[in-house]
>>> print(open('upload-v3.txt').read())   # compact mmCIF, C-alpha atoms
# COMPACT_ATOMS: atom_id res chain seq x y z
CA MET A 1 -24.15 11.61 -1.74
CA THR A 2 -24.55 8.29 -3.49
CA LEU A 3 -22.12 7.67 -6.31
CA SER A 4 -23.10 5.51 -9.26
CA ILE A 5 -21.47 2.18 -10.10
CA ALA A 6 -19.13 1.82 -13.07
CA LYS A 7 -18.31 -1.21 -15.20
CA ASP A 8 -14.72 -1.19 -13.95
CA PRO A 9 -14.93 -2.69 -10.43
CA PHE A 10 -12.54 -0.12 -8.98
CA PHE A 11 -13.54 3.06 -10.86
CA ILE A 12 -16.21 5.03 -8.97
CA PRO A 13 -17.66 7.84 -11.13
CA PHE A 14 -18.76 11.13 -9.59
CA GLY A 15 -21.69 11.65 -11.91
CA LYS A 16 -23.11 15.12 -12.48
CA SER A 17 -21.91 16.47 -9.12
CA VAL A 18 -18.43 17.00 -10.57
CA ILE A 19 -19.55 19.85 -12.83
CA ILE A 20 -19.62 22.35 -9.95
CA PHE A 21 -15.90 21.88 -9.33
CA GLU A 22 -12.95 22.80 -11.49
CA VAL A 23 -11.18 19.70 -12.79
CA PRO A 24 -7.41 20.22 -12.38
CA GLU A 25 -5.55 20.65 -15.66
CA SER A 26 -2.36 19.13 -14.25
CA PHE A 27 -1.85 16.43 -11.65
CA THR A 28 -1.98 17.64 -8.05
CA VAL A 29 -0.94 15.90 -4.83
CA SER A 30 -2.68 17.06 -1.65
CA ASP A 31 -0.94 17.55 1.66
CA THR A 32 -2.96 18.79 4.64
CA GLU A 33 -5.68 20.24 2.37
CA ALA A 34 -7.25 18.09 -0.31
CA HIS A 35 -8.57 19.13 -3.71
CA PRO A 36 -12.40 19.51 -3.62
CA LEU A 37 -12.85 16.42 -5.80
CA CYS A 38 -10.57 14.46 -3.48
CA LEU A 39 -12.71 15.62 -0.57
CA ILE A 40 -15.81 14.20 -2.26
CA ALA A 41 -14.02 10.93 -2.93
CA ALA A 42 -12.61 10.74 0.61
CA GLU A 43 -16.01 11.40 2.17
CA ASP A 44 -17.55 8.65 0.04
CA LEU A 45 -14.77 6.23 0.98
CA GLN A 46 -15.03 7.08 4.67
CA LEU A 47 -18.77 6.41 4.54
CA HIS A 48 -17.95 3.01 3.07
CA LEU A 49 -15.44 2.31 5.86
CA GLN A 50 -18.07 3.12 8.46
CA ASN A 51 -20.83 0.98 6.96
CA GLN A 52 -19.27 -1.97 5.11
CA GLN A 53 -19.85 -5.48 6.50
CA ASP A 54 -17.47 -7.51 4.31
CA TRP A 55 -14.41 -7.52 6.57
CA ILE A 56 -13.37 -6.69 10.14
CA HIS A 57 -10.40 -4.48 10.99
CA ASN A 58 -9.86 -2.83 14.36
CA PHE A 59 -9.18 0.85 13.68
CA GLY A 60 -9.66 1.61 17.38
CA LEU A 61 -12.78 3.65 16.69
CA SER A 62 -15.32 1.28 18.29
CA PRO A 63 -13.72 -0.18 21.44
CA THR A 64 -16.90 -1.94 22.50
CA THR A 65 -17.11 -4.08 19.36
CA ASP A 66 -13.66 -4.26 17.78
CA GLU A 67 -11.28 -7.06 18.69
CA GLY A 68 -7.54 -7.54 18.32
CA THR A 69 -4.69 -5.06 18.03
CA VAL A 70 -5.59 -1.50 17.08
CA ILE A 71 -4.13 -0.71 13.66
CA GLY A 72 -4.90 2.65 12.10
CA LYS A 73 -4.48 2.74 8.34
CA MET A 74 -3.57 5.20 5.60
CA PHE A 75 -6.06 5.33 2.74
CA GLY A 76 -5.74 7.08 -0.59
CA VAL A 77 -8.09 8.40 -3.26
CA LEU A 78 -7.02 9.23 -6.79
CA VAL A 79 -9.28 11.36 -8.98
CA VAL A 80 -8.94 10.13 -12.56
CA LYS A 81 -10.35 10.65 -16.04
CA ALA A 82 -11.34 7.34 -17.63
CA LYS A 83 -10.85 6.45 -21.30
CA ASP A 84 -14.37 7.69 -22.06
CA ASN A 85 -13.51 11.03 -20.33
CA GLU A 86 -15.74 10.30 -17.34
CA ILE A 87 -14.39 11.68 -14.05
CA GLY A 88 -14.26 9.43 -11.00
CA TYR A 89 -11.92 8.10 -8.38
CA LEU A 90 -9.93 5.05 -7.33
CA ALA A 91 -9.31 3.98 -3.71
CA ALA A 92 -6.47 2.11 -2.02
CA PHE A 93 -5.09 1.28 1.41
CA SER A 94 -1.49 1.05 2.53
CA GLY A 95 -0.11 -2.36 3.43
CA LYS A 96 -2.75 -4.96 4.20
CA LEU A 97 -6.31 -4.46 5.39
CA ALA A 98 -7.99 -7.02 7.66
CA GLY A 99 -5.04 -9.33 6.98
CA GLY A 100 -5.55 -9.34 3.21
CA ASN A 101 -4.59 -7.58 0.00
CA HIS A 102 -7.88 -7.81 -1.90
CA HIS A 103 -11.15 -6.12 -0.92
CA ALA A 104 -14.07 -4.74 -2.88
CA LYS A 105 -13.75 -1.04 -3.81
CA PHE A 106 -9.94 -1.02 -3.42
CA VAL A 107 -7.42 -1.44 -6.25
CA PRO A 108 -5.22 -4.56 -6.00
CA PRO A 109 -1.59 -4.54 -4.85
CA VAL A 110 1.21 -4.04 -7.34
CA PHE A 111 2.54 -7.45 -6.29
CA ASP A 112 0.72 -9.99 -4.12
CA GLY A 113 3.10 -12.01 -2.00
CA LEU A 114 0.32 -13.70 -0.02
CA THR A 115 -0.62 -16.24 -2.68
CA ASP A 116 -0.19 -19.91 -1.77
CA GLN A 117 3.14 -21.47 -2.71
CA SER A 118 4.61 -18.08 -3.63
CA PHE A 119 8.36 -17.72 -3.29
CA LEU A 120 7.73 -15.29 -0.43
CA ASN A 121 5.64 -17.74 1.61
CA ASN A 122 8.09 -20.55 0.91
CA GLY A 123 11.00 -18.32 1.87
CA MET A 124 9.34 -17.23 5.09
CA GLN A 125 8.64 -20.85 6.01
CA GLU A 126 12.32 -21.65 5.53
CA LEU A 127 13.33 -18.71 7.74
CA THR A 128 10.90 -19.96 10.37
CA ARG A 129 12.47 -23.41 10.20
CA ILE A 130 15.96 -21.94 10.65
CA ASN A 131 14.79 -19.85 13.61
CA GLU A 132 13.28 -22.91 15.25
CA GLU A 133 16.50 -24.86 14.76
CA ILE A 134 18.55 -22.00 16.24
CA GLY A 135 16.21 -21.87 19.22
CA ARG A 136 16.44 -25.64 19.74
CA LEU A 137 20.24 -25.58 19.74
CA GLU A 138 20.39 -22.54 22.03
CA ASP A 139 18.11 -24.28 24.53
CA LEU A 140 20.48 -27.26 24.64
CA LYS A 141 23.40 -24.89 25.45
CA PRO A 142 26.36 -27.25 24.92
CA GLU A 143 29.44 -25.52 23.54
CA ALA A 144 29.62 -28.11 20.77
CA PHE A 145 26.58 -26.49 19.13
CA GLU A 146 27.96 -22.93 19.08
CA GLU A 147 29.57 -23.34 15.65
CA GLY A 148 26.34 -24.75 14.24
CA ILE A 149 24.36 -21.84 15.66
CA ILE A 150 26.76 -19.36 14.05
CA ARG A 151 26.38 -21.09 10.68
CA LEU A 152 22.58 -21.11 10.96
CA LYS A 153 22.50 -17.41 11.83
CA ALA A 154 24.69 -16.62 8.81
CA LEU A 155 22.39 -18.75 6.62
CA ARG A 156 19.36 -16.91 8.02
CA LYS A 157 20.89 -13.55 7.15
CA ARG A 158 21.78 -14.61 3.58
CA ASN A 159 18.31 -16.07 3.00
CA SER A 160 16.63 -12.99 4.41
CA ILE A 161 18.62 -10.61 2.17
CA ALA A 162 18.04 -12.78 -0.90
CA LEU A 163 14.31 -13.02 -0.17
CA GLN A 164 14.00 -9.26 0.27
CA THR A 165 15.90 -8.63 -2.98
CA GLU A 166 13.70 -11.06 -4.90
CA LEU A 167 10.59 -9.47 -3.42
CA PHE A 168 11.59 -5.98 -4.54
CA ASP A 169 12.49 -7.31 -7.99
CA ASN A 170 8.86 -8.43 -8.34
CA TYR A 171 7.49 -4.95 -7.67
CA HIS A 172 7.37 -3.27 -11.08
CA PHE A 173 6.00 0.27 -11.32
CA LEU A 174 4.86 1.96 -14.52
CA ASN A 175 5.40 5.61 -15.34
CA LYS A 176 3.19 7.85 -17.48
CA GLU A 177 4.83 6.48 -20.63
CA GLY A 178 4.07 2.90 -19.63
CA LYS A 179 7.69 2.03 -18.86
CA GLY A 180 8.22 -0.22 -15.85
CA LYS A 181 11.06 -0.43 -13.33
CA SER A 182 11.57 -2.64 -10.31
CA LEU A 183 11.84 -1.25 -6.81
CA ASN A 184 15.51 -2.18 -6.66
CA ILE A 185 16.26 -0.25 -9.86
CA ILE A 186 14.13 2.74 -8.80
CA PHE A 187 15.98 3.17 -5.50
CA LYS A 188 19.34 2.53 -7.12
CA ASN A 189 18.68 5.23 -9.75
CA ALA A 190 17.61 7.59 -6.96
CA LEU A 191 21.01 7.01 -5.28
CA ARG A 192 19.27 5.54 -2.26
CA LYS A 193 20.19 2.48 -0.25
CA ASN A 194 18.09 -0.65 -0.57
CA PRO A 195 14.32 -0.02 -0.52
CA PRO A 196 12.94 0.09 3.04
CA SER A 197 10.62 -2.62 4.30
CA GLY A 198 7.07 -2.06 3.05
CA ALA A 199 8.14 0.00 0.04
CA GLY A 200 5.67 -0.43 -2.80
CA GLU A 201 2.72 -1.17 -0.53
CA CYS A 202 1.61 2.41 0.11
CA ALA A 203 -1.67 3.72 -1.28
CA ALA A 204 -0.32 6.31 -3.72
CA PRO A 205 1.82 3.93 -5.87
CA LYS A 206 -1.01 1.37 -5.92
CA LEU A 207 -3.42 4.00 -7.24
CA LEU A 208 -1.13 5.34 -9.95
CA GLN A 209 -0.20 1.82 -11.04
CA TYR A 210 -3.84 0.86 -11.57
CA ALA A 211 -4.58 4.12 -13.37
CA PHE A 212 -1.67 3.67 -15.79
CA GLN A 213 -2.51 0.00 -16.36
CA HIS A 214 -6.07 0.92 -17.37
CA GLN A 215 -5.36 4.06 -19.38
CA MET A 216 -6.84 6.44 -16.81
CA LYS A 217 -5.44 9.96 -16.47
CA PRO A 218 -4.54 10.88 -12.86
CA LEU A 219 -5.89 14.30 -11.87
CA ALA A 220 -5.57 14.65 -8.09
CA LEU A 221 -4.32 12.49 -5.22
CA ALA A 222 -5.00 12.65 -1.49
CA GLU A 223 -4.23 10.35 1.43
CA PHE A 224 -5.90 10.36 4.86
CA TRP A 225 -5.33 8.49 8.11
CA TRP A 226 -8.23 6.42 9.47
CA GLY A 227 -8.31 5.19 13.07
CA GLN A 228 -6.05 5.46 16.06
CA SER A 229 -2.28 5.37 15.82
CA PRO A 230 -0.73 3.33 18.64
CA LYS A 231 2.83 4.17 17.56
CA SER A 232 2.84 7.93 16.92
CA ASP A 233 0.79 10.99 17.79
CA PHE A 234 1.59 12.41 14.34
CA TRP A 235 -1.18 10.47 12.59
CA LYS A 236 -4.61 11.92 13.37
CA HIS A 237 -7.89 10.27 12.49
CA GLY A 238 -9.44 11.79 9.37
CA HIS A 239 -6.49 14.12 8.63
CA PHE A 240 -4.85 14.40 5.20
CA TYR A 241 -1.12 13.85 4.68
CA SER A 242 1.43 13.98 1.87
CA PRO A 243 2.82 10.68 0.55
CA CYS A 244 5.82 9.57 2.62
CA ARG A 245 9.26 10.53 1.33
CA GLU A 246 11.16 7.50 2.59
CA LYS A 247 9.12 4.82 0.80
CA CYS A 248 7.10 6.70 -1.81
CA GLY A 249 9.43 9.53 -2.82
CA PRO A 250 11.62 7.61 -5.31
CA ILE A 251 8.67 5.54 -6.57
CA LEU A 252 6.47 8.54 -7.32
CA ALA A 253 9.40 10.38 -8.91
CA HIS A 254 9.68 7.50 -11.38
CA MET A 255 5.93 7.05 -11.90
CA LEU A 256 5.30 10.74 -12.59
CA SER A 257 8.38 11.25 -14.76
>>> encode(input="upload-v3.txt", output="structure tokens")
Amino acid sequence: MTLSIAKDPFFIPFGKSVIIFEVPESFTVSDTEAHPLCLIAAEDLQLHLQNQQDWIHNFGLSPTTDEGTVIGKMFGVLVVKAKDNEIGYLAAFSGKLAGGNHHAKFVPPVFDGLTDQSFLNNGMQELTRINEEIGRLEDLKPEAFEEGIIRLKALRKRNSIALQTELFDNYHFLNKEGKGKSLNIIFKNALRKNPPSGAGECAAPKLLQYAFQHQMKPLALAEFWWGQSPKSDFWKHGHFYSPCREKCGPILAHMLS
């Protein structure tokens, strides 16, 4: 099935094919079985993943042509009703894809820390400098440098914590009423510890954020794994999964409140 192209670069309308399916009255989140409209969207997105030529990412599905480390990826589709009541879907990937945050067909990240001269890049460069200095002193091995190494390691820890805190403060998620909260506040209100690494970069929050920002009504959400998983046998190529509880649970609770 070929879906038509909408004016919004990330909204892909279903067209007339949607009339044969029942549009959900309330928002649904798929687990191992996706809503029929999510299946249509996922099939269309998977066709795009198989045929696109804009970027290269080794999913481990074509060992004769792919290069680099195999990295399977979680993708999400969100069926939405646009402001003009047209039904379509949005697509997103978790984390980064092909080393980047921005690709055609996929909604942008909630916060992009990869921009040049961003506080994140500057902070990471400083951590790299500290690590190099620690390594240099450790290679020299004289006892006179031990105190300096201890101070540098303490500085590295403080900088790392401060950088992570600032990063999570820059992730602001909207709820259905248009009210935003940072990741730090969301996890604090949920009586959780600090947000885990990678929180805010999953597909589901990206999709809902874009929908709320552009006055689209979320109808149904589904996430599927694409590619091999070198770390766990749990993730199976092409299978659908619920949004993760550790990273997405508190965020989605806020966004859907």
>>> residues_around(input="upload-v3.txt", residues="range 154-160 of chain A", least_positions_apart="2", cutoff="9 Å", atoms="all atoms listed in the file", output="list in words")
Gly123, Met124, Glu126, Leu127, Ile130, Asn131, Ile149, Ile150, Arg151, Leu152, Ala162, Leu163, Gln164 and Thr165 of chain A
>>> residues_near_point(input="upload-v3.txt", point="(-6.1, 10.1, 3.3)", cutoff="7 Å", atoms="all atoms listed in the file", output="PyMOL selection string")
chain A and resi 74-76+222-225+239-241
>>> closest_residue(input="upload-v3.txt", among="A:Lys181, A:Val29, A:Gln228, A:Lys16", to="Pro243 in chain A", atoms="only C-alpha atoms")
A:Val29
>>> closest_atom_pairs(input="upload-v3.txt", of="range 101-147 of chain A", to="range 198-205 of chain A", cutoff="9 Å", atoms="all atoms listed in the file", output="JSON lines")
{"residue": "A:Pro109", "atom": "CA", "partner": "A:Glu201", "partner_atom": "CA", "distance": 7.0}
{"residue": "A:Val110", "atom": "CA", "partner": "A:Gly200", "partner_atom": "CA", "distance": 7.3}
{"residue": "A:Phe111", "atom": "CA", "partner": "A:Gly200", "partner_atom": "CA", "distance": 8.4}
>>> atom_distance(input="upload-v3.txt", atom1="CA of Asn101 in chain A", atom2="CA of His172 in chain A")
16.9 Å
>>> closest_residue(input="upload-v3.txt", among="A:Asp169, A:Glu177, A:Glu33, A:Asp44", to="Lys105 in chain A", atoms="only C-alpha atoms")
A:Asp44
>>> atom_distance(input="upload-v3.txt", atom1="CA of Leu219 in chain A", atom2="CA of Phe27 in chain A")
4.6 Å
>>> closest_residue(input="upload-v3.txt", among="A:Leu37, A:Leu97, A:Leu174, A:Met216", to="Phe11 in chain A", atoms="only C-alpha atoms")
A:Met216
>>> atom_distance(input="upload-v3.txt", atom1="CA of Gly227 in chain A", atom2="CA of Gln50 in chain A")
11.0 Å
